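Pasting my_file_5.cif here (mmCIF, C-alpha atoms (C1' of nucleotides)):
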data_run
loop_
_atom_site.group_PDB
_atom_site.id
_atom_site.type_symbol
_atom_site.label_atom_id
_atom_site.label_comp_id
_atom_site.auth_asym_id
_atom_site.auth_seq_id
_atom_site.Cartn_x
_atom_site.Cartn_y
_atom_site.Cartn_z
ATOM 1 C CA MET H 753 94.435 72.322 146.311
ATOM 2 C CA ALA H 754 91.258 73.137 148.113
ATOM 3 C CA GLY H 755 91.498 70.654 150.929
ATOM 4 C CA PRO H 756 93.446 67.665 152.216
ATOM 5 C CA LYS H 757 93.371 64.504 150.130
ATOM 6 C CA GLY H 758 90.247 62.516 150.801
ATOM 7 C CA SER H 759 88.315 65.437 152.231
ATOM 8 C CA LYS H 760 84.885 66.272 150.902
ATOM 9 C CA TYR H 761 86.109 69.366 149.140
ATOM 10 C CA TYR H 762 89.254 67.931 147.666
ATOM 11 C CA ASN H 763 89.838 69.480 144.270
ATOM 12 C CA ILE H 764 87.035 71.974 144.586
ATOM 13 C CA PHE H 765 88.021 75.606 144.391
ATOM 14 C CA LEU H 766 86.674 78.918 145.450
ATOM 15 C CA LYS H 767 86.702 81.393 142.584
ATOM 16 C CA PHE H 768 85.843 85.061 142.402
ATOM 17 C CA LYS H 769 85.374 87.907 140.020
ATOM 18 C CA VAL H 770 85.370 91.692 140.386
ATOM 19 C CA TRP H 771 83.994 94.291 138.023
ATOM 20 C CA LEU H 772 82.652 97.811 137.780
ATOM 21 C CA GLU H 773 78.949 98.370 137.479
ATOM 22 C CA ASN H 774 76.697 101.372 136.993
ATOM 23 C CA THR H 775 73.499 102.147 138.880
ATOM 24 C CA LYS H 776 71.421 100.279 136.309
ATOM 25 C CA GLY H 777 73.249 97.099 137.222
ATOM 26 C CA GLU H 778 75.006 96.963 133.869
ATOM 27 C CA SER H 779 78.543 95.686 133.816
ATOM 28 C CA ILE H 780 80.944 98.358 132.674
ATOM 29 C CA LEU H 781 84.179 96.507 132.707
ATOM 30 C CA GLY H 782 85.687 93.423 134.226
ATOM 31 C CA ASN H 783 88.763 91.348 133.741
ATOM 32 C CA GLY H 784 88.438 90.798 129.991
ATOM 33 C CA LYS H 785 88.209 94.476 129.206
ATOM 34 C CA PHE H 786 90.975 95.317 131.620
ATOM 35 C CA GLU H 787 93.265 92.897 129.873
ATOM 36 C CA LEU H 788 92.353 94.396 126.557
ATOM 37 C CA ILE H 789 93.052 97.913 127.762
ATOM 38 C CA ASP H 790 96.312 96.758 129.239
ATOM 39 C CA GLY H 791 97.177 95.197 125.891
ATOM 40 C CA ILE H 792 96.502 98.469 124.102
ATOM 41 C CA ASP H 793 98.779 100.198 126.558
ATOM 42 C CA GLN H 794 101.538 97.721 125.907
ATOM 43 C CA LEU H 795 101.173 97.263 122.182
ATOM 44 C CA GLY H 796 99.868 100.581 120.961
ATOM 45 C CA SER H 797 96.965 99.249 118.931
ATOM 46 C CA LEU H 798 93.594 97.668 119.394
ATOM 47 C CA LYS H 799 94.275 95.174 116.645
ATOM 48 C CA ALA H 800 97.471 93.984 118.277
ATOM 49 C CA ALA H 801 95.798 93.756 121.690
ATOM 50 C CA ALA H 802 92.925 91.739 120.227
ATOM 51 C CA ASP H 803 95.340 89.354 118.538
ATOM 52 C CA LYS H 804 97.242 88.911 121.766
ATOM 53 C CA LEU H 805 94.071 87.913 123.607
ATOM 54 C CA GLY H 806 92.964 85.700 120.751
ATOM 55 C CA ILE H 807 89.725 87.557 120.133
ATOM 56 C CA SER H 808 88.498 89.169 116.940
ATOM 57 C CA TYR H 809 89.108 92.816 116.240
ATOM 58 C CA ARG H 810 85.360 93.257 115.914
ATOM 59 C CA LYS H 811 84.795 91.947 119.389
ATOM 60 C CA ALA H 812 87.599 93.950 120.946
ATOM 61 C CA TRP H 813 86.379 97.111 119.314
ATOM 62 C CA GLY H 814 82.883 96.492 120.684
ATOM 63 C CA MET H 815 84.259 95.951 124.168
ATOM 64 C CA ILE H 816 86.027 99.282 124.180
ATOM 65 C CA ARG H 817 83.090 101.154 122.730
ATOM 66 C CA ASP H 818 80.794 99.638 125.307
ATOM 67 C CA ALA H 819 83.055 100.481 128.228
ATOM 68 C CA GLU H 820 83.648 104.053 127.135
ATOM 69 C CA GLU H 821 79.974 104.595 126.466
ATOM 70 C CA LYS H 822 78.989 103.434 129.908
ATOM 71 C CA LEU H 823 81.789 105.233 131.704
ATOM 72 C CA GLY H 824 80.978 108.466 129.954
ATOM 73 C CA PHE H 825 84.600 109.231 129.101
ATOM 74 C CA CYS H 826 87.233 107.767 126.822
ATOM 75 C CA LEU H 827 89.883 105.302 127.865
ATOM 76 C CA THR H 828 91.611 105.325 124.518
ATOM 77 C CA GLU H 829 92.604 107.795 121.861
ATOM 78 C CA LYS H 830 92.275 106.332 118.393
ATOM 79 C CA HIS H 831 93.958 107.343 115.198
ATOM 80 C CA ARG H 832 93.294 105.856 111.840
ATOM 81 C CA GLY H 833 95.199 106.076 108.605
ATOM 82 C CA GLY H 834 98.823 107.012 108.352
ATOM 83 C CA GLN H 835 102.013 105.121 107.885
ATOM 84 C CA HIS H 836 101.078 102.091 109.869
ATOM 85 C CA GLY H 837 97.364 102.219 109.272
ATOM 86 C CA GLY H 838 96.563 103.749 112.594
ATOM 87 C CA ASN H 839 97.019 103.207 116.302
ATOM 88 C CA SER H 840 95.428 103.529 119.716
ATOM 89 C CA VAL H 841 96.866 104.815 122.966
ATOM 90 C CA LEU H 842 95.405 105.173 126.417
ATOM 91 C CA THR H 843 94.129 108.481 127.675
ATOM 92 C CA PRO H 844 95.424 109.592 131.090
ATOM 93 C CA GLU H 845 92.139 108.323 132.549
ATOM 94 C CA GLY H 846 92.594 104.955 130.900
ATOM 95 C CA LYS H 847 96.099 104.664 132.189
ATOM 96 C CA GLU H 848 95.022 105.591 135.689
ATOM 97 C CA LEU H 849 92.271 103.020 135.595
ATOM 98 C CA ILE H 850 94.441 100.060 134.681
ATOM 99 C CA GLU H 851 97.042 101.037 137.237
ATOM 100 C CA ALA H 852 94.420 101.177 139.953
ATOM 101 C CA TYR H 853 92.914 97.905 138.806
ATOM 102 C CA LYS H 854 96.216 96.091 138.931
ATOM 103 C CA GLU H 855 96.749 97.132 142.512
ATOM 104 C CA LEU H 856 93.191 96.196 143.295
ATOM 105 C CA LEU H 857 93.748 92.676 142.055
ATOM 106 C CA LEU H 858 96.837 92.272 144.174
ATOM 107 C CA GLU H 859 95.030 93.312 147.308
ATOM 108 C CA PHE H 860 92.126 91.122 146.423
ATOM 109 C CA ASP H 861 94.271 88.068 145.961
ATOM 110 C CA ASP H 862 95.655 88.619 149.376
ATOM 111 C CA ALA H 863 92.285 88.953 151.063
ATOM 112 C CA ILE H 864 90.902 86.018 149.143
ATOM 113 C CA TYR H 865 93.659 83.746 150.253
ATOM 114 C CA GLN H 866 92.776 84.289 153.886
ATOM 115 C CA ILE H 867 89.046 83.952 153.382
ATOM 116 C CA THR H 868 89.356 80.852 151.244
ATOM 117 C CA LYS H 869 91.486 79.122 153.818
ATOM 118 C CA LYS H 870 88.925 79.783 156.498
ATOM 119 C CA PHE H 871 86.076 78.589 154.307
ATOM 120 C CA PHE H 872 87.569 75.223 153.484
ATOM 121 C CA ASN H 873 88.649 74.797 157.046
ATOM 122 C CA LYS H 874 85.089 75.161 158.201
ATOM 123 C CA VAL H 875 83.610 72.971 155.537
ATOM 124 C CA ASN H 876 86.107 70.120 155.595
ATOM 125 C CA LYS H 877 84.858 68.529 158.793
ATOM 126 C CA MET J 1391 78.080 105.998 146.296
ATOM 127 C CA ALA J 1392 81.366 105.256 144.641
ATOM 128 C CA GLY J 1393 82.855 108.721 144.715
ATOM 129 C CA PRO J 1394 82.101 112.321 145.544
ATOM 130 C CA LYS J 1395 79.434 114.055 143.499
ATOM 131 C CA GLY J 1396 80.824 115.287 140.221
ATOM 132 C CA SER J 1397 83.784 112.930 140.231
ATOM 133 C CA LYS J 1398 84.483 110.734 137.243
ATOM 134 C CA TYR J 1399 83.416 107.608 139.059
ATOM 135 C CA TYR J 1400 80.316 108.961 140.699
ATOM 136 C CA ASN J 1401 77.673 106.230 140.792
ATOM 137 C CA ILE J 1402 79.960 103.502 139.584
ATOM 138 C CA PHE J 1403 80.382 100.529 141.854
ATOM 139 C CA LEU J 1404 82.765 97.706 142.428
ATOM 140 C CA LYS J 1405 80.952 94.364 142.475
ATOM 141 C CA PHE J 1406 82.070 90.845 143.124
ATOM 142 C CA LYS J 1407 80.984 87.254 142.845
ATOM 143 C CA VAL J 1408 82.174 84.046 144.506
ATOM 144 C CA TRP J 1409 81.511 80.476 143.529
ATOM 145 C CA LEU J 1410 82.820 76.943 143.792
ATOM 146 C CA GLU J 1411 84.428 75.312 140.822
ATOM 147 C CA ASN J 1412 85.847 71.868 140.071
ATOM 148 C CA THR J 1413 89.133 71.057 138.372
ATOM 149 C CA LYS J 1414 87.454 71.042 134.972
ATOM 150 C CA GLY J 1415 86.559 74.682 135.410
ATOM 151 C CA GLU J 1416 82.862 73.887 135.718
ATOM 152 C CA SER J 1417 80.849 75.993 138.097
ATOM 153 C CA ILE J 1418 79.429 73.914 140.919
ATOM 154 C CA LEU J 1419 77.481 76.469 142.813
ATOM 155 C CA GLY J 1420 77.302 80.202 143.190
ATOM 156 C CA ASN J 1421 74.955 82.693 144.677
ATOM 157 C CA GLY J 1422 71.781 81.494 142.957
ATOM 158 C CA LYS J 1423 72.160 77.954 144.165
ATOM 159 C CA PHE J 1424 73.149 79.066 147.629
ATOM 160 C CA GLU J 1425 69.988 81.111 147.885
ATOM 161 C CA LEU J 1426 67.990 78.152 146.749
ATOM 162 C CA ILE J 1427 69.597 75.866 149.293
ATOM 163 C CA ASP J 1428 69.036 78.458 151.960
ATOM 164 C CA GLY J 1429 65.392 78.626 150.919
ATOM 165 C CA ILE J 1430 65.025 74.881 151.251
ATOM 166 C CA ASP J 1431 66.503 75.120 154.706
ATOM 167 C CA GLN J 1432 64.038 77.791 155.703
ATOM 168 C CA LEU J 1433 60.913 76.506 154.005
ATOM 169 C CA GLY J 1434 61.333 72.761 154.033
ATOM 170 C CA SER J 1435 60.631 72.173 150.371
ATOM 171 C CA LEU J 1436 62.189 72.721 146.980
ATOM 172 C CA LYS J 1437 58.908 73.900 145.550
ATOM 173 C CA ALA J 1438 58.497 76.577 148.185
ATOM 174 C CA ALA J 1439 62.102 77.706 147.775
ATOM 175 C CA ALA J 1440 61.672 77.938 144.007
ATOM 176 C CA ASP J 1441 58.507 79.991 144.415
ATOM 177 C CA LYS J 1442 60.264 82.295 146.812
ATOM 178 C CA LEU J 1443 63.028 82.970 144.303
ATOM 179 C CA GLY J 1444 60.544 83.317 141.472
ATOM 180 C CA ILE J 1445 62.000 80.480 139.420
ATOM 181 C CA SER J 1446 60.278 77.370 138.096
ATOM 182 C CA TYR J 1447 60.318 74.153 140.045
ATOM 183 C CA ARG J 1448 61.919 72.490 137.028
ATOM 184 C CA LYS J 1449 64.761 74.911 137.070
ATOM 185 C CA ALA J 1450 65.311 74.716 140.809
ATOM 186 C CA TRP J 1451 65.311 70.946 140.691
ATOM 187 C CA GLY J 1452 67.926 71.016 137.927
ATOM 188 C CA MET J 1453 70.118 73.365 139.949
ATOM 189 C CA ILE J 1454 70.141 71.052 142.924
ATOM 190 C CA ARG J 1455 70.759 67.956 140.843
ATOM 191 C CA ASP J 1456 73.612 69.629 139.048
ATOM 192 C CA ALA J 1457 75.266 70.839 142.237
ATOM 193 C CA GLU J 1458 74.993 67.506 144.002
ATOM 194 C CA GLU J 1459 76.255 65.650 140.974
ATOM 195 C CA LYS J 1460 79.333 67.809 140.718
ATOM 196 C CA LEU J 1461 80.030 67.859 144.420
ATOM 197 C CA GLY J 1462 79.723 64.116 144.661
ATOM 198 C CA PHE J 1463 77.530 64.199 147.751
ATOM 199 C CA CYS J 1464 73.997 65.279 148.576
ATOM 200 C CA LEU J 1465 73.039 68.622 149.994
ATOM 201 C CA THR J 1466 69.401 67.713 150.404
ATOM 202 C CA GLU J 1467 67.325 64.802 151.491
ATOM 203 C CA LYS J 1468 64.157 64.464 149.447
ATOM 204 C CA HIS J 1469 60.916 62.762 150.336
ATOM 205 C CA ARG J 1470 58.006 62.381 148.027
ATOM 206 C CA GLY J 1471 54.434 61.410 148.638
ATOM 207 C CA GLY J 1472 52.688 61.628 151.966
ATOM 208 C CA GLN J 1473 50.276 64.013 153.543
ATOM 209 C CA HIS J 1474 51.731 67.168 152.055
ATOM 210 C CA GLY J 1475 53.008 65.663 148.853
ATOM 211 C CA GLY J 1476 56.593 65.536 149.988
ATOM 212 C CA ASN J 1477 59.385 67.689 151.340
ATOM 213 C CA SER J 1478 63.102 68.376 151.252
ATOM 214 C CA VAL J 1479 65.518 69.086 154.053
ATOM 215 C CA LEU J 1480 69.217 69.790 154.101
ATOM 216 C CA THR J 1481 71.715 67.096 154.920
ATOM 217 C CA PRO J 1482 74.293 67.966 157.570
ATOM 218 C CA GLU J 1483 76.731 68.684 154.731
ATOM 219 C CA GLY J 1484 74.267 71.007 153.070
ATOM 220 C CA LYS J 1485 73.665 72.849 156.273
ATOM 221 C CA GLU J 1486 77.377 73.194 156.889
ATOM 222 C CA LEU J 1487 77.909 74.526 153.423
ATOM 223 C CA ILE J 1488 75.370 77.322 153.611
ATOM 224 C CA GLU J 1489 76.609 78.327 157.032
ATOM 225 C CA ALA J 1490 80.166 78.543 155.763
ATOM 226 C CA TYR J 1491 79.019 80.419 152.698
ATOM 227 C CA LYS J 1492 77.152 83.001 154.707
ATOM 228 C CA GLU J 1493 80.206 83.776 156.766
ATOM 229 C CA LEU J 1494 82.278 83.846 153.630
ATOM 230 C CA LEU J 1495 80.040 86.493 152.139
ATOM 231 C CA LEU J 1496 80.331 88.636 155.224
ATOM 232 C CA GLU J 1497 84.086 88.500 155.116
ATOM 233 C CA PHE J 1498 84.064 89.222 151.431
ATOM 234 C CA ASP J 1499 81.896 92.255 151.927
ATOM 235 C CA ASP J 1500 84.307 93.486 154.474
ATOM 236 C CA ALA J 1501 87.341 93.025 152.277
ATOM 237 C CA ILE J 1502 85.588 94.630 149.325
ATOM 238 C CA TYR J 1503 84.677 97.630 151.394
ATOM 239 C CA GLN J 1504 88.296 98.294 152.281
ATOM 240 C CA ILE J 1505 89.612 97.684 148.801
ATOM 241 C CA THR J 1506 86.867 99.674 147.131
ATOM 242 C CA LYS J 1507 87.627 102.696 149.237
ATOM 243 C CA LYS J 1508 91.238 102.627 148.211
ATOM 244 C CA PHE J 1509 90.416 102.002 144.552
ATOM 245 C CA PHE J 1510 88.080 104.922 144.134
ATOM 246 C CA ASN J 1511 90.399 107.120 146.060
ATOM 247 C CA LYS J 1512 93.149 106.440 143.596
ATOM 248 C CA VAL J 1513 91.005 106.757 140.542
ATOM 249 C CA ASN J 1514 89.064 109.897 141.485
ATOM 250 C CA LYS J 1515 91.876 112.358 140.846
ATOM 251 C "C1'" DA V 725 40.555 53.442 145.284
ATOM 252 C "C1'" DC V 726 41.313 58.078 144.618
ATOM 253 C "C1'" DC V 727 42.835 62.926 145.532
ATOM 254 C "C1'" DC V 728 46.376 66.163 146.596
ATOM 255 C "C1'" DG V 729 50.660 68.367 146.444
ATOM 256 C "C1'" DA V 730 55.606 67.769 146.025
ATOM 257 C "C1'" DT V 731 59.376 65.303 143.938
ATOM 258 C "C1'" DA V 732 61.307 63.595 139.356
ATOM 259 C "C1'" DT V 733 62.636 64.058 134.513
ATOM 260 C "C1'" DG V 734 62.582 64.100 129.332
ATOM 261 C "C1'" DT V 735 61.810 67.135 125.450
ATOM 262 C "C1'" DA V 736 60.678 71.055 122.785
ATOM 263 C "C1'" DA V 737 60.704 76.037 122.050
ATOM 264 C "C1'" DT V 738 62.626 80.487 122.745
ATOM 265 C "C1'" DT V 739 66.216 83.794 123.605
ATOM 266 C "C1'" DA V 740 70.460 85.792 124.287
ATOM 267 C "C1'" DG V 741 75.118 86.104 123.478
ATOM 268 C "C1'" DA V 742 79.092 85.199 120.747
ATOM 269 C "C1'" DA V 743 81.438 84.580 116.637
ATOM 270 C "C1'" DA V 744 81.772 85.123 111.651
ATOM 271 C "C1'" DC V 745 81.224 87.839 107.499
ATOM 272 C "C1'" DA V 746 81.346 91.839 104.880
ATOM 273 C "C1'" DT V 747 82.598 96.456 103.871
ATOM 274 C "C1'" DA V 748 83.744 101.399 104.520
ATOM 275 C "C1'" DA V 749 86.924 105.081 105.582
ATOM 276 C "C1'" DG V 750 91.193 107.478 106.766
ATOM 277 C "C1'" DG V 751 96.089 109.108 106.117
ATOM 278 C "C1'" DT V 752 101.006 108.467 104.867
ATOM 279 C "C1'" DG V 753 104.502 107.175 101.783
ATOM 280 C "C1'" DA V 754 105.797 105.150 97.323
ATOM 281 C "C1'" DT W 759 96.559 107.840 92.982
ATOM 282 C "C1'" DC W 760 97.234 103.560 94.785
ATOM 283 C "C1'" DA W 761 98.609 100.235 98.311
ATOM 284 C "C1'" DC W 762 98.702 99.171 103.024
ATOM 285 C "C1'" DC W 763 97.119 98.569 107.650
ATOM 286 C "C1'" DT W 764 94.143 99.912 111.269
ATOM 287 C "C1'" DT W 765 90.159 101.902 112.951
ATOM 288 C "C1'" DA W 766 84.944 101.708 112.402
ATOM 289 C "C1'" DT W 767 80.464 99.471 112.075
ATOM 290 C "C1'" DG W 768 76.234 97.027 110.260
ATOM 291 C "C1'" DT W 769 74.397 92.400 109.422
ATOM 292 C "C1'" DT W 770 73.950 87.636 109.734
ATOM 293 C "C1'" DT W 771 74.847 83.064 111.364
ATOM 294 C "C1'" DC W 772 75.800 79.794 115.115
ATOM 295 C "C1'" DT W 773 75.655 78.123 119.467
ATOM 296 C "C1'" DA W 774 74.671 77.866 124.172
ATOM 297 C "C1'" DA W 775 71.714 78.776 127.832
ATOM 298 C "C1'" DT W 776 66.991 79.497 129.558
ATOM 299 C "C1'" DT W 777 62.430 78.813 129.849
ATOM 300 C "C1'" DA W 778 58.289 76.441 128.874
ATOM 301 C "C1'" DC W 779 55.591 72.289 128.282
ATOM 302 C "C1'" DA W 780 54.226 67.793 129.307
ATOM 303 C "C1'" DT W 781 54.035 63.688 132.364
ATOM 304 C "C1'" DA W 782 55.153 60.326 135.669
ATOM 305 C "C1'" DT W 783 55.742 58.792 140.472
ATOM 306 C "C1'" DC W 784 54.934 58.550 145.337
ATOM 307 C "C1'" DG W 785 52.430 57.923 149.821
ATOM 308 C "C1'" DG W 786 49.350 59.585 153.576
ATOM 309 C "C1'" DG W 787 44.611 60.804 154.329
ATOM 310 C "C1'" DT W 788 39.691 60.628 153.194
#
Let me see whether you can do it: turn the structure in this file into structure tokens.
Amino acid sequence: MAGPKGSKYYNIFLKFKVWLENTKGESILGNGKFELIDGIDQLGSLKAAADKLGISYRKAWGMIRDAEEKLGFCLTEKHRGGQHGGNSVLTPEGKELIEAYKELLLEFDDAIYQITKKFFNKVNK
Amino acid sequence: MAGPKGSKYYNIFLKFKVWLENTKGESILGNGKFELIDGIDQLGSLKAAADKLGISYRKAWGMIRDAEEKLGFCLTEKHRGGQHGGNSVLTPEGKELIEAYKELLLEFDDAIYQITKKFFNKVNK
DNA sequence: ACCCGATATGTAATTAGAAACATAAGGTGA
DNA sequence: TCACCTTATGTTTCTAATTACATATCGGGT
């Protein structure tokens, strides 16, 4: 809860978001894409990752293309055809990126907790 | 710059955003509205603040109404008519809020700086 | 009484973004 | 060679979010 019961900011929350951006100010990838990439890592296919997140394959595919295009290198290695129709796995760079991002989130959560507390303290009389 | 020249993440940046949200997951106010409120504080009128931000009066007015509605208390005190047509000033609560927000941003910047350094270190080979 | 400039607000028009639809292509095993 | 499943991608349809347009109100000063 954001503040003590009855305070002005009771049940109001401070939220935040982090993402990577290029010099043009375009978003390269944020939480949604990270989750998708993580899903590919876990499940071994874009289709399966998309299903897990409840988004269409078309959308998921576009997300990956967009991210890789803007980064300038590939996060995934795709294979189509074959016994199971195809599959996708992370490149070493992709793997590195999600690992770093996971740690980033942890550290962020920590920092945020402190800052949030201070904010509501100040604002709640 | 995000990393050393030639590194994979050269000219890629970590960005963030903070905002207030209610229990329904609706955004109450973020950076745009804070800037507007700050403008009102500095310039003494919604019109002037809107002009400063390059947005229409109609839009600015809607932003304030929306924020106040969702917060459940007023951030501004509006007067219409009179010698100069009218004016708006911040309520004590409004003033408090932008002050707290400004400090919040500073602390956020600080945290981001630390975390960013670590992130790009890990990800740039 | 009227003018001015700012607040107040409904409605219509435009745009952007997301989701849905459709279809091709690739490779392995039956 | 055909079936199967996944990657690959263009096009179109919806929907949500902005922006634009149009007006009304208010009160001090001239």
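Residues lying within 12 Å of DA775 (chain W), counting only C-alpha atoms (C1' of nucleotides) and ignoring same-chain neighbours fewer than 3 positions away, are DT738, DT739, DA740 and DG741 of chain V.
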Check every residue of chain J for an atom within 6 Å of chain V, counting all atoms listed in the file, and provide those that qualify as a short mmCIF file (atom, residue, chain, number, x, y, z; two decimals) with C-alpha atoms, in the frame of the given file.
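In the end it all went to part_4.cif:
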data_model
loop_
_atom_site.label_atom_id
_atom_site.label_comp_id
_atom_site.auth_asym_id
_atom_site.auth_seq_id
_atom_site.Cartn_x
_atom_site.Cartn_y
_atom_site.Cartn_z
CA ARG J 1470 58.01 62.38 148.03
CA HIS J 1474 51.73 67.17 152.06
CA GLY J 1475 53.01 65.66 148.85
CA GLY J 1476 56.59 65.54 149.99
#
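When the PyMOL selection byres ((chain J) within 6 of (chain H)) is run on the displayed coordinates, the residues it returns are J:Ile1402, J:Phe1403, J:Leu1404, J:Lys1405, J:Phe1406, J:Lys1407, J:Val1408, J:Trp1409, J:Leu1410, J:Glu1411, J:Asn1412.
In this model, the gap between CA of Pro756 (chain H) and CA of Asp1428 (chain J) comes to 26.7 Å.
Against the coordinates shown, the PyMOL selection byres ((chain H) within 9 of (chain W)) returns Ser797, Leu798, Lys799, Arg810, Trp813, Lys830, His831, Arg832, Gly833, Gly834, Gln835, His836, Gly837, Gly838, Asn839 and Ser840 of chain H.
Counting from CA of Ala1440 (chain J), the distance to CA of Leu1426 (chain J) is 6.9 Å.
Computed from the coordinates, the CA of Gly1444 (chain J) to CA of Gln1432 (chain J) distance equals 15.7 Å.
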**Study point:** Shell around Thr1481 (chain J) at 8 Å using all atoms listed in the file, local window under 6 positions removed, as a PyMOL selection string
**Key:** chain J and resi 1464-1467
Report the centre and edge lengths, in Å to one decimal, of an axis-aligned box enclosing every atom of region 776-786 of chain W listed in the file, padded by 3 Å on each side, as AutoDock Vina command-line options.
--center_x 58.2 --center_y 68.7 --center_z 140.9 --size_x 23.6 --size_y 27.6 --size_z 31.3
Can you write region 815-828 of chain H from the block above with C-alpha atoms, as a short mmCIF file (atom, residue, chain, number, x, y, z; two decimals), in the first residue's frame?
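And here's result_35.cif as it stands now:
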data_model
loop_
_atom_site.label_atom_id
_atom_site.label_comp_id
_atom_site.auth_asym_id
_atom_site.auth_seq_id
_atom_site.Cartn_x
_atom_site.Cartn_y
_atom_site.Cartn_z
CA MET H 815 8.89 -7.61 -31.86
CA ILE H 816 11.99 -9.69 -32.40
CA ARG H 817 12.61 -8.37 -35.88
CA ASP H 818 12.28 -4.82 -34.63
CA ALA H 819 14.65 -5.32 -31.72
CA GLU H 820 17.31 -7.05 -33.79
CA GLU H 821 17.06 -4.46 -36.52
CA LYS H 822 17.59 -1.61 -34.11
CA LEU H 823 20.32 -3.32 -32.13
CA GLY H 824 22.21 -4.17 -35.27
CA PHE H 825 22.86 -7.77 -34.24
CA CYS H 826 20.78 -10.88 -33.73
CA LEU H 827 19.42 -12.07 -30.43
CA THR H 828 18.02 -15.27 -31.85
#
